[in-house]
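Everything below belongs to upload.txt, which stores compact mmCIF, C-alpha atoms.
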# COMPACT_ATOMS: atom_id res chain seq x y z
CA MET A 1 130.80 108.74 111.91
CA SER A 2 127.39 107.84 110.48
CA THR A 3 125.12 105.51 112.36
CA GLU A 4 121.90 103.97 111.19
CA SER A 5 119.18 102.18 113.06
CA PRO A 6 119.00 98.49 112.19
CA HIS A 7 115.27 98.93 111.59
CA ASN A 8 113.79 99.84 108.24
CA SER A 9 111.21 102.58 108.30
CA GLY A 10 109.50 102.30 104.95
CA HIS A 11 105.80 101.66 104.48
CA ASP A 12 106.10 97.99 105.38
CA THR A 13 107.36 98.71 108.87
CA VAL A 14 105.06 101.53 109.96
CA ARG A 15 103.42 100.45 113.17
CA PRO A 16 99.93 99.06 112.67
CA ALA A 17 97.00 101.15 113.77
CA ARG A 18 95.68 100.53 117.25
CA ASP A 19 92.49 98.59 117.71
CA PRO A 20 89.26 100.19 116.46
CA GLY A 21 87.59 101.95 119.32
CA SER A 22 90.90 103.09 120.78
CA ALA A 23 89.97 106.69 119.89
CA GLU A 24 92.89 106.91 117.48
CA PRO A 25 92.87 109.79 114.96
CA GLU A 26 91.93 108.72 111.45
CA PRO A 27 94.10 110.86 109.16
CA SER A 28 93.04 108.89 106.08
CA THR A 29 89.62 110.54 106.24
CA GLY A 30 91.15 113.98 105.66
CA ASP A 31 90.37 114.97 109.24
CA PRO A 32 93.41 115.08 111.52
CA GLY A 33 91.21 114.34 114.51
CA ALA A 34 90.74 116.14 117.79
CA VAL A 35 93.90 117.28 119.48
CA SER A 36 92.77 115.52 122.64
CA VAL A 37 93.15 112.23 120.78
CA TRP A 38 96.69 113.14 119.73
CA ARG A 39 97.37 114.09 123.33
CA ALA A 40 96.16 110.68 124.46
CA ALA A 41 98.51 109.10 121.89
CA VAL A 42 101.43 111.14 123.23
CA ASP A 43 100.55 110.01 126.75
CA GLU A 44 101.48 106.46 125.77
CA TYR A 45 105.08 107.71 125.71
CA ARG A 46 104.67 109.82 128.83
CA ALA A 47 107.20 108.09 131.08
CA GLU A 48 109.85 107.95 128.37
CA LEU A 49 109.39 111.59 127.36
CA LEU A 50 109.46 112.95 130.89
CA ASP A 51 112.51 110.84 131.74
CA LEU A 52 114.18 112.36 128.68
CA SER A 53 113.26 115.91 129.70
CA HIS A 54 114.35 115.45 133.30
CA GLY A 55 117.57 113.71 132.30
CA LEU A 56 118.62 116.52 129.98
CA HIS A 57 117.70 119.08 132.63
CA ALA A 58 119.87 117.36 135.24
CA ASP A 59 122.88 117.16 132.92
CA PRO A 60 123.19 120.52 131.12
CA GLU A 61 125.77 120.94 128.35
CA VAL A 62 126.59 124.22 126.62
CA SER A 63 126.63 125.02 122.91
CA PHE A 64 128.55 122.60 120.68
CA ALA A 65 129.39 120.43 123.70
CA GLU A 66 126.02 118.64 123.98
CA TYR A 67 127.55 115.20 123.44
CA ARG A 68 125.52 113.27 126.00
CA ALA A 69 122.31 115.12 125.10
CA ALA A 70 122.66 114.43 121.38
CA GLU A 71 123.42 110.77 122.04
CA THR A 72 120.44 110.41 124.36
CA VAL A 73 117.92 112.12 122.07
CA ALA A 74 119.15 110.35 118.94
CA GLY A 75 119.32 107.04 120.78
CA THR A 76 115.71 107.36 121.92
CA LEU A 77 114.57 107.81 118.33
CA ALA A 78 116.75 104.99 117.03
CA ALA A 79 115.20 102.65 119.60
CA HIS A 80 111.82 103.39 118.00
CA GLY A 81 112.94 102.56 114.47
CA PHE A 82 114.10 105.96 113.25
CA ARG A 83 117.00 106.04 110.80
CA VAL A 84 119.64 108.14 112.57
CA GLN A 85 122.53 109.95 110.95
CA ARG A 86 125.08 111.36 113.39
CA PRO A 87 127.03 113.58 113.14
CA VAL A 88 125.82 115.77 110.27
CA ALA A 89 126.81 119.10 108.70
CA GLY A 90 130.26 118.80 110.24
CA LEU A 91 128.80 119.30 113.72
CA ASP A 92 129.64 116.62 116.27
CA THR A 93 126.45 117.17 118.24
CA ALA A 94 124.00 117.49 115.33
CA PHE A 95 121.92 114.65 113.91
CA THR A 96 118.92 113.76 111.77
CA ALA A 97 116.45 110.95 112.45
CA ASP A 98 113.91 109.88 109.81
CA TYR A 99 110.85 107.63 109.84
CA GLY A 100 108.64 106.83 106.86
CA SER A 101 109.04 107.54 103.16
CA GLY A 102 106.25 109.97 102.23
CA GLU A 103 107.04 112.95 100.02
CA PHE A 104 105.70 115.38 102.63
CA VAL A 105 108.62 115.73 105.05
CA VAL A 106 107.72 117.06 108.48
CA GLY A 107 110.71 118.60 110.26
CA LEU A 108 110.75 118.72 114.07
CA CYS A 109 113.62 120.69 115.57
CA ALA A 110 115.11 119.50 118.85
CA GLU A 111 117.30 121.93 120.77
CA TYR A 112 119.26 120.67 123.78
CA ASP A 113 122.02 123.13 124.61
CA ALA A 114 122.05 124.84 128.01
CA LEU A 115 123.37 128.15 129.31
CA PRO A 116 126.58 128.69 131.28
CA GLU A 117 126.03 128.76 135.06
CA VAL A 118 122.21 128.63 134.97
CA GLY A 119 121.81 125.37 133.04
CA HIS A 120 118.51 124.76 131.26
CA ALA A 121 117.15 128.22 132.03
CA CYS A 122 115.73 128.42 128.51
CA GLY A 123 114.02 125.03 128.72
CA HIS A 124 115.70 123.28 125.81
CA ASN A 125 115.14 120.00 127.63
CA ILE A 126 111.41 120.59 127.09
CA ILE A 127 111.99 121.43 123.42
CA ALA A 128 113.86 118.19 122.76
CA ALA A 129 111.38 115.99 124.61
CA ALA A 130 108.38 117.58 122.88
CA ALA A 131 110.01 117.11 119.47
CA VAL A 132 110.62 113.44 120.24
CA GLY A 133 107.06 113.04 121.48
CA ALA A 134 105.59 114.58 118.33
CA ALA A 135 107.87 112.44 116.17
CA LEU A 136 106.98 109.16 117.85
CA THR A 137 103.28 109.93 117.60
CA LEU A 138 103.43 111.00 113.94
CA ALA A 139 105.51 107.94 113.08
CA GLU A 140 102.56 105.71 113.96
CA HIS A 141 100.61 107.38 111.12
CA ALA A 142 103.41 108.07 108.64
CA GLU A 143 102.05 105.78 105.92
CA ARG A 144 98.44 106.95 106.14
CA LEU A 145 99.49 110.60 106.25
CA GLY A 146 101.93 110.15 103.38
CA ILE A 147 104.74 111.74 105.36
CA THR A 148 108.31 111.30 106.39
CA VAL A 149 108.97 112.38 109.96
CA ARG A 150 112.37 113.99 110.39
CA VAL A 151 113.80 115.10 113.72
CA LEU A 152 116.70 117.50 113.40
CA GLY A 153 118.99 117.62 116.41
CA THR A 154 120.09 121.24 116.28
CA PRO A 155 122.93 122.19 118.64
CA ALA A 156 124.13 125.58 119.83
CA GLU A 157 121.02 127.73 119.60
CA GLU A 158 122.22 129.86 122.51
CA LEU A 159 125.53 130.69 120.82
CA GLY A 160 126.78 129.41 117.51
CA GLY A 161 123.69 128.89 115.37
CA GLY A 162 123.70 125.16 114.70
CA LYS A 163 120.56 125.45 112.59
CA ILE A 164 122.29 127.89 110.26
CA THR A 165 125.13 125.47 109.58
CA MET A 166 122.62 122.68 109.00
CA LEU A 167 120.49 124.94 106.79
CA GLU A 168 123.47 125.83 104.62
CA ALA A 169 124.38 122.14 104.40
CA GLY A 170 120.97 121.46 102.82
CA LEU A 171 119.46 119.49 105.71
CA PHE A 172 116.30 121.60 105.67
CA ASP A 173 115.89 121.65 101.88
CA GLN A 174 113.41 118.75 101.68
CA LEU A 175 111.19 119.90 104.55
CA ALA A 176 107.59 120.83 103.81
CA ALA A 177 107.43 122.48 107.25
CA ALA A 178 109.73 123.04 110.22
CA LEU A 179 108.15 122.93 113.67
CA MET A 180 109.24 123.27 117.28
CA ILE A 181 107.97 124.62 120.60
CA HIS A 182 109.75 126.73 123.20
CA PRO A 183 108.88 127.24 126.90
CA SER A 184 108.18 130.75 128.11
CA PRO A 185 106.26 132.65 130.79
CA ALA A 186 103.60 133.41 128.14
CA GLU A 187 101.60 131.40 125.60
CA VAL A 188 102.43 132.81 122.14
CA CYS A 189 101.55 131.01 118.91
CA ALA A 190 103.31 133.21 116.32
CA PRO A 191 106.03 135.10 118.19
CA ARG A 192 108.29 137.74 116.70
CA SER A 193 112.03 137.68 117.22
CA LEU A 194 114.86 140.07 116.47
CA ALA A 195 117.85 139.58 114.22
CA ILE A 196 121.06 139.32 116.23
CA THR A 197 124.81 139.27 115.81
CA ASP A 198 127.40 138.52 118.50
CA LEU A 199 130.67 140.47 118.46
CA ARG A 200 133.79 140.13 120.58
CA VAL A 201 136.02 143.20 120.84
CA SER A 202 139.58 142.85 122.15
CA TYR A 203 142.10 145.56 122.94
CA THR A 204 145.85 145.11 123.21
CA GLY A 205 147.96 147.80 124.90
CA ARG A 206 151.18 147.70 126.89
CA ALA A 207 151.69 146.64 130.49
CA ALA A 208 153.56 148.82 132.98
CA HIS A 209 153.84 149.35 136.73
CA ALA A 210 150.69 151.23 137.64
CA ALA A 211 152.49 153.45 140.19
CA ALA A 212 156.17 153.54 139.21
CA ALA A 213 155.77 153.99 135.44
CA PRO A 214 152.14 154.45 134.42
CA GLU A 215 153.20 156.75 131.58
CA LEU A 216 154.78 153.76 129.83
CA GLY A 217 151.53 151.82 129.73
CA LEU A 218 148.74 151.65 127.17
CA ASN A 219 145.64 150.78 129.18
CA ALA A 220 143.43 148.24 127.42
CA ALA A 221 140.85 148.43 130.20
CA ASP A 222 140.56 152.16 129.59
CA ALA A 223 139.92 151.44 125.92
CA LEU A 224 137.03 149.25 127.00
CA THR A 225 135.74 151.98 129.31
CA VAL A 226 135.72 154.47 126.44
CA THR A 227 133.78 151.92 124.36
CA GLN A 228 131.22 151.40 127.11
CA VAL A 229 130.67 155.13 127.44
CA ALA A 230 130.34 155.53 123.68
CA VAL A 231 127.83 152.68 123.45
CA GLY A 232 125.86 154.14 126.37
CA LEU A 233 125.68 157.55 124.70
CA LEU A 234 124.64 155.96 121.41
CA ARG A 235 121.55 154.37 122.95
CA GLN A 236 119.63 157.66 122.81
CA HIS A 237 120.03 157.73 119.04
CA MET A 238 119.37 154.09 118.11
CA GLU A 239 116.50 153.22 115.82
CA ALA A 240 113.28 151.67 117.08
CA GLY A 241 113.77 148.00 117.87
CA GLN A 242 117.55 148.15 118.00
CA MET A 243 119.23 146.83 121.17
CA VAL A 244 122.77 146.32 122.42
CA HIS A 245 124.01 144.57 125.55
CA GLY A 246 127.37 143.21 126.56
CA ILE A 247 129.68 141.91 129.25
CA VAL A 248 133.35 142.42 130.05
CA THR A 249 135.16 139.09 129.68
CA SER A 250 138.68 140.32 130.48
CA GLY A 251 139.78 143.52 132.20
CA GLY A 252 143.26 143.05 133.59
CA ALA A 253 145.30 140.77 135.83
CA ALA A 254 146.06 142.91 138.90
CA PRO A 255 145.39 146.51 139.96
CA ASN A 256 149.10 147.38 140.11
CA ILE A 257 149.63 146.38 136.46
CA VAL A 258 148.40 148.61 133.66
CA PRO A 259 146.08 146.18 131.81
CA GLU A 260 147.69 145.02 128.61
CA ARG A 261 144.60 143.19 127.38
CA ALA A 262 140.86 143.66 127.76
CA ALA A 263 137.86 142.16 125.99
CA ALA A 264 134.09 142.26 125.91
CA GLU A 265 131.28 140.46 124.12
CA TYR A 266 128.24 142.29 122.80
CA ASN A 267 124.88 141.20 121.43
CA LEU A 268 123.42 143.53 118.79
CA ARG A 269 119.75 143.10 117.94
CA ALA A 270 117.42 144.74 115.44
CA PRO A 271 114.11 144.02 113.69
CA ASP A 272 115.80 142.80 110.48
CA PRO A 273 119.28 142.30 108.99
CA GLU A 274 119.25 145.70 107.29
CA SER A 275 118.61 147.54 110.55
CA LEU A 276 121.17 145.28 112.22
CA ALA A 277 123.77 146.26 109.61
CA ARG A 278 123.26 149.93 110.38
CA LEU A 279 123.53 149.29 114.11
CA GLU A 280 126.68 147.22 113.68
CA ASP A 281 128.38 150.02 111.76
CA ARG A 282 127.72 152.42 114.64
CA ILE A 283 128.80 149.98 117.34
CA ARG A 284 132.01 149.23 115.47
CA ALA A 285 132.72 152.96 115.49
CA CYS A 286 132.37 152.87 119.30
CA PHE A 287 134.85 149.98 119.41
CA GLU A 288 137.32 151.93 117.30
CA ALA A 289 136.91 154.97 119.54
CA GLY A 290 138.21 152.99 122.50
CA GLY A 291 141.36 151.98 120.65
CA THR A 292 141.94 155.42 119.18
CA ALA A 293 141.58 157.20 122.52
CA THR A 294 144.08 154.96 124.32
CA GLY A 295 146.52 153.96 121.60
CA CYS A 296 145.57 150.30 121.90
CA SER A 297 145.07 148.01 118.93
CA THR A 298 141.51 146.85 118.31
CA GLU A 299 140.27 143.50 117.04
CA VAL A 300 136.63 142.60 116.40
CA VAL A 301 135.51 139.00 115.88
CA ARG A 302 132.06 137.77 114.92
CA VAL A 303 131.34 135.00 117.43
CA SER A 304 128.51 133.25 115.57
CA PRO A 305 126.47 133.65 112.38
CA VAL A 306 123.79 136.30 112.26
CA TYR A 307 120.34 135.10 113.33
CA THR A 308 117.58 136.69 111.25
CA GLN A 309 114.12 137.64 112.46
CA LEU A 310 111.51 134.90 112.90
CA CYS A 311 108.68 134.81 110.35
CA SER A 312 105.96 132.32 111.30
CA ASP A 313 103.86 130.64 108.61
CA GLU A 314 100.36 132.02 109.15
CA TRP A 315 98.45 128.85 108.29
CA LEU A 316 100.61 126.62 110.44
CA ALA A 317 100.45 129.12 113.31
CA GLU A 318 96.66 129.20 113.17
CA ALA A 319 96.47 125.40 113.06
CA TYR A 320 98.72 125.29 116.11
CA ARG A 321 96.61 127.95 117.86
CA ARG A 322 93.48 125.85 117.40
CA ALA A 323 95.27 122.85 118.85
CA VAL A 324 96.50 124.54 122.04
CA VAL A 325 93.16 126.22 122.64
CA GLU A 326 91.52 122.80 122.47
CA LEU A 327 94.09 121.63 125.02
CA GLY A 328 92.86 124.28 127.42
CA ARG A 329 95.70 126.75 126.95
CA ASP A 330 95.11 130.48 126.60
CA PRO A 331 97.42 132.05 124.00
CA VAL A 332 97.84 135.80 123.85
CA ALA A 333 95.88 137.72 121.23
CA ARG A 334 97.30 138.04 117.75
CA ALA A 335 97.73 141.79 118.19
CA VAL A 336 99.88 141.19 121.27
CA GLU A 337 102.02 138.76 119.27
CA ARG A 338 102.66 141.45 116.67
CA ASP A 339 103.68 144.03 119.27
CA GLY A 340 106.06 141.90 121.39
CA VAL A 341 109.36 140.15 120.75
CA ILE A 342 110.88 137.02 122.29
CA GLY A 343 114.58 137.71 121.86
CA SER A 344 116.39 135.98 119.00
CA THR A 345 116.69 132.46 117.58
CA ASP A 346 118.47 130.71 114.73
CA MET A 347 115.05 129.31 113.83
CA GLY A 348 114.59 132.72 112.22
CA ASN A 349 117.03 131.75 109.47
CA VAL A 350 115.08 128.55 108.90
CA SER A 351 111.80 130.48 108.73
CA LEU A 352 113.01 132.62 105.82
CA ARG A 353 113.54 129.46 103.80
CA VAL A 354 111.05 126.88 105.11
CA PRO A 355 107.47 127.43 106.36
CA THR A 356 107.96 127.46 110.12
CA VAL A 357 106.24 127.65 113.48
CA HIS A 358 108.11 128.35 116.72
CA PRO A 359 105.36 128.85 119.33
CA MET A 360 105.97 129.51 123.02
CA LEU A 361 104.32 127.31 125.66
CA ALA A 362 103.63 128.95 129.00
CA LEU A 363 105.05 127.48 132.19
CA GLU A 364 103.87 128.22 135.70
CA CYS A 365 107.04 130.05 136.72
CA GLY A 366 105.85 132.92 138.91
CA ASP A 367 107.75 136.11 138.11
CA ALA A 368 110.67 134.25 136.54
CA VAL A 369 111.63 134.68 132.90
CA ASN A 370 113.93 132.77 130.56
CA HIS A 371 117.65 132.80 131.44
CA GLN A 372 117.03 133.06 135.18
CA ALA A 373 117.84 130.31 137.66
CA GLU A 374 114.21 130.37 138.82
CA PHE A 375 113.06 129.65 135.28
CA ALA A 376 115.52 126.76 135.09
CA ALA A 377 113.84 125.28 138.16
CA ALA A 378 110.43 125.67 136.49
CA CYS A 379 111.68 123.69 133.49
CA ALA A 380 111.66 120.48 135.54
CA SER A 381 108.30 121.10 137.24
CA PRO A 382 104.88 119.49 136.72
CA SER A 383 104.01 122.50 134.54
CA ALA A 384 107.05 121.74 132.38
CA ASP A 385 105.97 118.11 132.10
CA ARG A 386 102.58 119.21 130.85
CA ALA A 387 104.32 121.49 128.33
CA VAL A 388 106.27 118.51 126.97
CA LEU A 389 103.10 116.49 126.42
CA ASP A 390 100.87 119.34 125.23
CA GLY A 391 103.60 120.62 122.95
CA ALA A 392 104.15 117.22 121.38
CA ALA A 393 100.43 116.76 120.77
CA ALA A 394 99.95 120.24 119.33
CA LEU A 395 102.91 119.86 116.98
CA ALA A 396 101.75 116.43 115.82
CA ARG A 397 98.23 117.61 115.20
CA THR A 398 99.48 120.71 113.32
CA ALA A 399 101.68 118.59 111.08
CA ALA A 400 98.87 116.11 110.41
CA ALA A 401 96.46 118.92 109.58
CA ALA A 402 98.88 120.34 107.02
CA ALA A 403 99.55 116.93 105.47
CA LEU A 404 95.83 116.20 105.10
CA ASP A 405 94.65 119.57 103.81
CA GLY A 406 94.89 119.28 100.03
CA ASP A 407 95.52 122.94 99.37
CA GLN A 408 98.08 123.31 102.12
CA ARG A 409 99.85 120.10 101.23
CA GLU A 410 100.25 121.29 97.65
CA ARG A 411 101.35 124.77 98.77
CA LEU A 412 104.03 123.39 101.05
CA LEU A 413 105.23 120.76 98.56
CA ALA A 414 105.38 123.41 95.81
CA ALA A 415 107.65 125.43 98.06
CA VAL A 416 109.93 122.40 98.43
CA ARG A 417 110.09 121.97 94.65
CA ASN A 418 110.89 125.64 94.12
CA ARG A 419 113.50 125.60 96.86
CA THR A 420 115.34 122.54 95.61
CA ALA A 421 115.14 123.64 91.97
CA SER A 422 116.73 126.99 92.77
CA GLY A 423 119.61 125.49 94.73
CA PHE A 424 119.61 128.70 96.75
CA ARG A 425 120.59 128.35 100.39
CA ARG A 426 122.74 131.18 101.61
CA LEU A 427 121.05 134.56 102.10
CA SER A 428 122.90 137.34 100.28
CA ASN A 429 123.91 139.15 103.41
CA ARG A 430 127.45 140.05 104.40
CA PHE A 431 126.67 139.20 108.03
CA PHE A 432 126.39 135.45 107.50
CA ALA A 433 130.11 134.86 107.94
CA SER A 434 130.48 132.68 111.02
CA GLY A 435 133.43 133.88 112.96
CA GLY A 436 136.74 135.37 111.94
CA VAL A 437 138.20 138.80 112.34
CA THR A 438 136.06 141.41 110.63
What does the file become when written as structure tokens?
Amino acid sequence: MSTESPHNSGHDTVRPARDPGSAEPEPSTGDPGAVSVWRAAVDEYRAELLDLSHGLHADPEVSFAEYRAAETVAGTLAAHGFRVQRPVAGLDTAFTADYGSGEFVVGLCAEYDALPEVGHACGHNIIAAAAVGAALTLAEHAERLGITVRVLGTPAEELGGGKITMLEAGLFDQLAAALMIHPSPAEVCAPRSLAITDLRVSYTGRAAHAAAAPELGLNAADALTVTQVAVGLLRQHMEAGQMVHGIVTSGGAAPNIVPERAAAEYNLRAPDPESLARLEDRIRACFEAGGTATGCSTEVVRVSPVYTQLCSDEWLAEAYRRAVVELGRDPVARAVERDGVIGSTDMGNVSLRVPTVHPMLALECGDAVNHQAEFAAACASPSADRAVLDGAAALARTAAAAALDGDQRERLLAAVRNRTASGFRRLSNRFFASGGVT
């Protein structure tokens, strides 16, 4: 179903500027204005944005099941005159929302999926609210900036890669830049991420009475044990930056039954798809070893598309850095950014096609880190509220700076022209198949 706001959002309906003397930024002068002024503009939506963040936090939904979240985020934008399309790219919980008609299309990515058991322990409620805040603020200046503001509701970042499906459907093709923020224990303007693939290995053996006739059984749990040992021994010989971690999802029904079925899911990570390919070949050999040793059949399924490494646009990252420093935040040094990694994200795939920033905003979370229950609690704290508002302002100011800088505007628009002329979307990489037995 497609839905559209009843409001038009062309030049004639852009909200009028506030009264002179209201300390509003004046993009038409070529100066995007002080970030503090953008922050003050975001503050006008403070109650609505924080209600949105808190509401998503209190009602977590996992990947591809974010029905209420998508409806709430898209509905908020529609109420402010954005043209909403939902669903898109064949994904029930994905949407786009546009405002304005300028050729320079600013893309703001809103994530809103949560994690099983620990809810919004990655702070996607903050991401969505900040994206909405930046969009509402930029919409007030869409005509003078010569931009179209596009919010992309991107489901299933934690597992499933909604952005990749949307990217391959062409929904990022017209973007001059793609921007989002992500909460974290640290302030990082141009983070590095690892490429990742998710694999599920399943073994099928033969059940038998564990005491009366064990010799008749083929033990699928033993196959999984052999795999775990093989993977553990492989760790010593993995390349720099390669990682593997997994969980057992099925290991048998009862101790007096030889397990007929067993399964596990593994994350494989590496600095780039080429290194990931080499790691996957070795891990698959470990999977096969389990089946060979026990006589069980082996099946390997790719759970979601491969996420590539994140490559931040240097100019956009520096513009964002200036903004958060002016807001009183203290980002880590650039050298520290180059040395560390933040995990993996499907925004990496976007960044290889569209100039991108995916900065991390620090929360006051004590010793907690992402994907812990303690971090989930921090994502609905006063520090999280500040991250929503600061993040929205910093993103809006970064986008305005790019739109108003003549050289950067032309650089980014030239990239759009080249991208759309080529018609190239899918990376030539055998690991982009999303699911299926491989």
(message) For a quick check of understanding, using all atoms listed in the file, which of A:Leu50, A:Ala213, A:Ile126, A:Leu199 has the smallest distance to Val303 of chain A?
(response) A:Leu199
(request) Return the single residue from A:Ile127, A:Leu224, A:Cys109, A:Ala78 that is closest to Asp385 of chain A, with distances computed using all atoms listed in the file. (result) A:Ile127
(request) Have a look at A:Glu260, A:Glu288, A:Asp98, A:Asp346 and name the one nearest to Ala207 of chain A; count all atoms listed in the file. (result) A:Glu260
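The shortest atom-to-atom distance to Val73 of chain A, with all atoms listed in the file taken into account, belongs to A:Ala130 out of A:Ala130, A:Ala240, A:Cys311, A:Ala415.
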(request) Would you mind listing what lies within 7 Å of segment 179-189 of chain A as a ChimeraX atom specification, with only C-alpha atoms counted and same-chain residues fewer than 4 positions away left out? (result) /A:107-109,123,127,131,317,320-321,330-332,337,356-363,365,369-370,391,395
(message) Rounded to one decimal, what separation in Å do you get between atom CA of Ala135 of chain A and atom CA of Ala396 of chain A?
(response) 7.3 Å
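In terms of minimum interatomic distance to Arg206 of chain A, A:Arg261 ranks closest within A:Leu175, A:Arg261, A:Leu152, A:Gly161, counting all atoms listed in the file.
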(request) Name the residues within 8 Å of (125.4, 123.0, 125.7), counting all atoms listed in the file in the file's coordinates, and put them as a PyMOL selection string. (result) chain A and resi 60-66+112-115+155-156
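Closest approach to Thr227 of chain A among A:Phe287, A:Phe104, A:Tyr266, A:Phe172: A:Phe287, based on only C-alpha atoms.
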(request) Using all atoms listed in the file, determine which residues lie at most 12 Å from Asp339 of chain A, disregarding the query and same-chain residues fewer than 2 positions distant; provide the list as an NGL selection string. (result) :A and (188 or 190-193 or 241 or 271 or 332-337 or 341-342)
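Our summary of the geometry notes that atom CA of Arg284 of chain A is positioned 14.6 Å from atom CA of Thr225 of chain A.
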(message) With all atoms listed in the file as the counted atoms, please give the residues lying no more than 10 Å from segment 350-355 of chain A, apart from itself and same-chain residues fewer than 4 positions off, as JSON, numbers by chain.
(response) {"A": [107, 163, 164, 166, 167, 168, 172, 173, 174, 175, 176, 177, 178, 179, 307, 308, 309, 310, 311, 312, 313, 314, 315, 316, 345, 346, 412, 415, 416, 419, 424, 425, 426, 427]}
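For the pair atom CA of Thr294 of chain A and atom CA of Arg269 of chain A, the separation is 27.8 Å.
Excluding segment 373-375 of chain A itself and any same-chain residue fewer than 5 positions from it, the protein and nucleic acid residues within 8 Å of it, counting all atoms listed in the file, are Val118, Gly119, Ala121, Cys122, Cys365 and Ala368 of chain A.
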(request) Skip Leu218 of chain A itself and residues of its chain fewer than 5 positions away, then list as a VMD selection string all residues within 12 Å of it, counting only C-alpha atoms. (result) chain A and resid 203 to 210 213 223 to 224 257 to 262 290 to 297
(request) Compute the distance from (105.5, 110.4, 125.5) to each atom, counting all atoms listed in the file, keep the residues with any atom at most 10 Å away, and return them as number ranges by chain; use the coordinates of the file. (result) A: 39-52, 129-130, 132-137, 388-389, 392-393
Just so I have it separately, write segment 346-351 of chain A from the block I sent, keeping all heavy atoms, as an mmCIF file, in the first residue's frame.
data_model
loop_
_atom_site.group_PDB
_atom_site.id
_atom_site.type_symbol
_atom_site.label_atom_id
_atom_site.label_comp_id
_atom_site.auth_asym_id
_atom_site.auth_seq_id
_atom_site.Cartn_x
_atom_site.Cartn_y
_atom_site.Cartn_z
ATOM 1 N N ASP A 346 24.735 -1.994 8.079
ATOM 2 C CA ASP A 346 24.378 -1.977 6.665
ATOM 3 C C ASP A 346 24.505 -0.581 6.059
ATOM 4 O O ASP A 346 24.380 -0.419 4.843
ATOM 5 C CB ASP A 346 22.983 -2.562 6.432
ATOM 6 C CG ASP A 346 21.879 -1.848 7.188
ATOM 7 O OD1 ASP A 346 22.165 -0.911 7.948
ATOM 8 O OD2 ASP A 346 20.704 -2.255 7.040
ATOM 9 N N MET A 347 24.805 0.425 6.889
ATOM 10 C CA MET A 347 25.132 1.737 6.337
ATOM 11 C C MET A 347 26.457 1.672 5.584
ATOM 12 O O MET A 347 26.735 2.534 4.743
ATOM 13 C CB MET A 347 25.207 2.772 7.466
ATOM 14 C CG MET A 347 25.188 4.213 6.997
ATOM 15 S SD MET A 347 23.582 4.707 6.313
ATOM 16 C CE MET A 347 23.733 6.508 6.366
ATOM 17 N N GLY A 348 27.266 0.655 5.848
ATOM 18 C CA GLY A 348 28.492 0.470 5.089
ATOM 19 C C GLY A 348 28.204 0.296 3.606
ATOM 20 O O GLY A 348 28.885 0.889 2.752
ATOM 21 N N ASN A 349 27.209 -0.501 3.267
ATOM 22 C CA ASN A 349 26.852 -0.694 1.860
ATOM 23 C C ASN A 349 26.427 0.613 1.215
ATOM 24 O O ASN A 349 26.769 0.897 0.065
ATOM 25 C CB ASN A 349 25.720 -1.719 1.763
ATOM 26 C CG ASN A 349 26.091 -3.050 2.371
ATOM 27 O OD1 ASN A 349 26.290 -3.151 3.584
ATOM 28 N ND2 ASN A 349 26.175 -4.090 1.567
ATOM 29 N N VAL A 350 25.681 1.414 1.963
ATOM 30 C CA VAL A 350 25.274 2.725 1.452
ATOM 31 C C VAL A 350 26.506 3.592 1.208
ATOM 32 O O VAL A 350 26.612 4.278 0.180
ATOM 33 C CB VAL A 350 24.311 3.415 2.438
ATOM 34 C CG1 VAL A 350 23.990 4.837 1.991
ATOM 35 C CG2 VAL A 350 23.029 2.601 2.595
ATOM 36 N N SER A 351 27.467 3.542 2.125
ATOM 37 C CA SER A 351 28.627 4.434 2.049
ATOM 38 C C SER A 351 29.523 4.143 0.853
ATOM 39 O O SER A 351 30.284 5.010 0.421
ATOM 40 C CB SER A 351 29.447 4.351 3.339
ATOM 41 O OG SER A 351 30.206 3.146 3.409
#
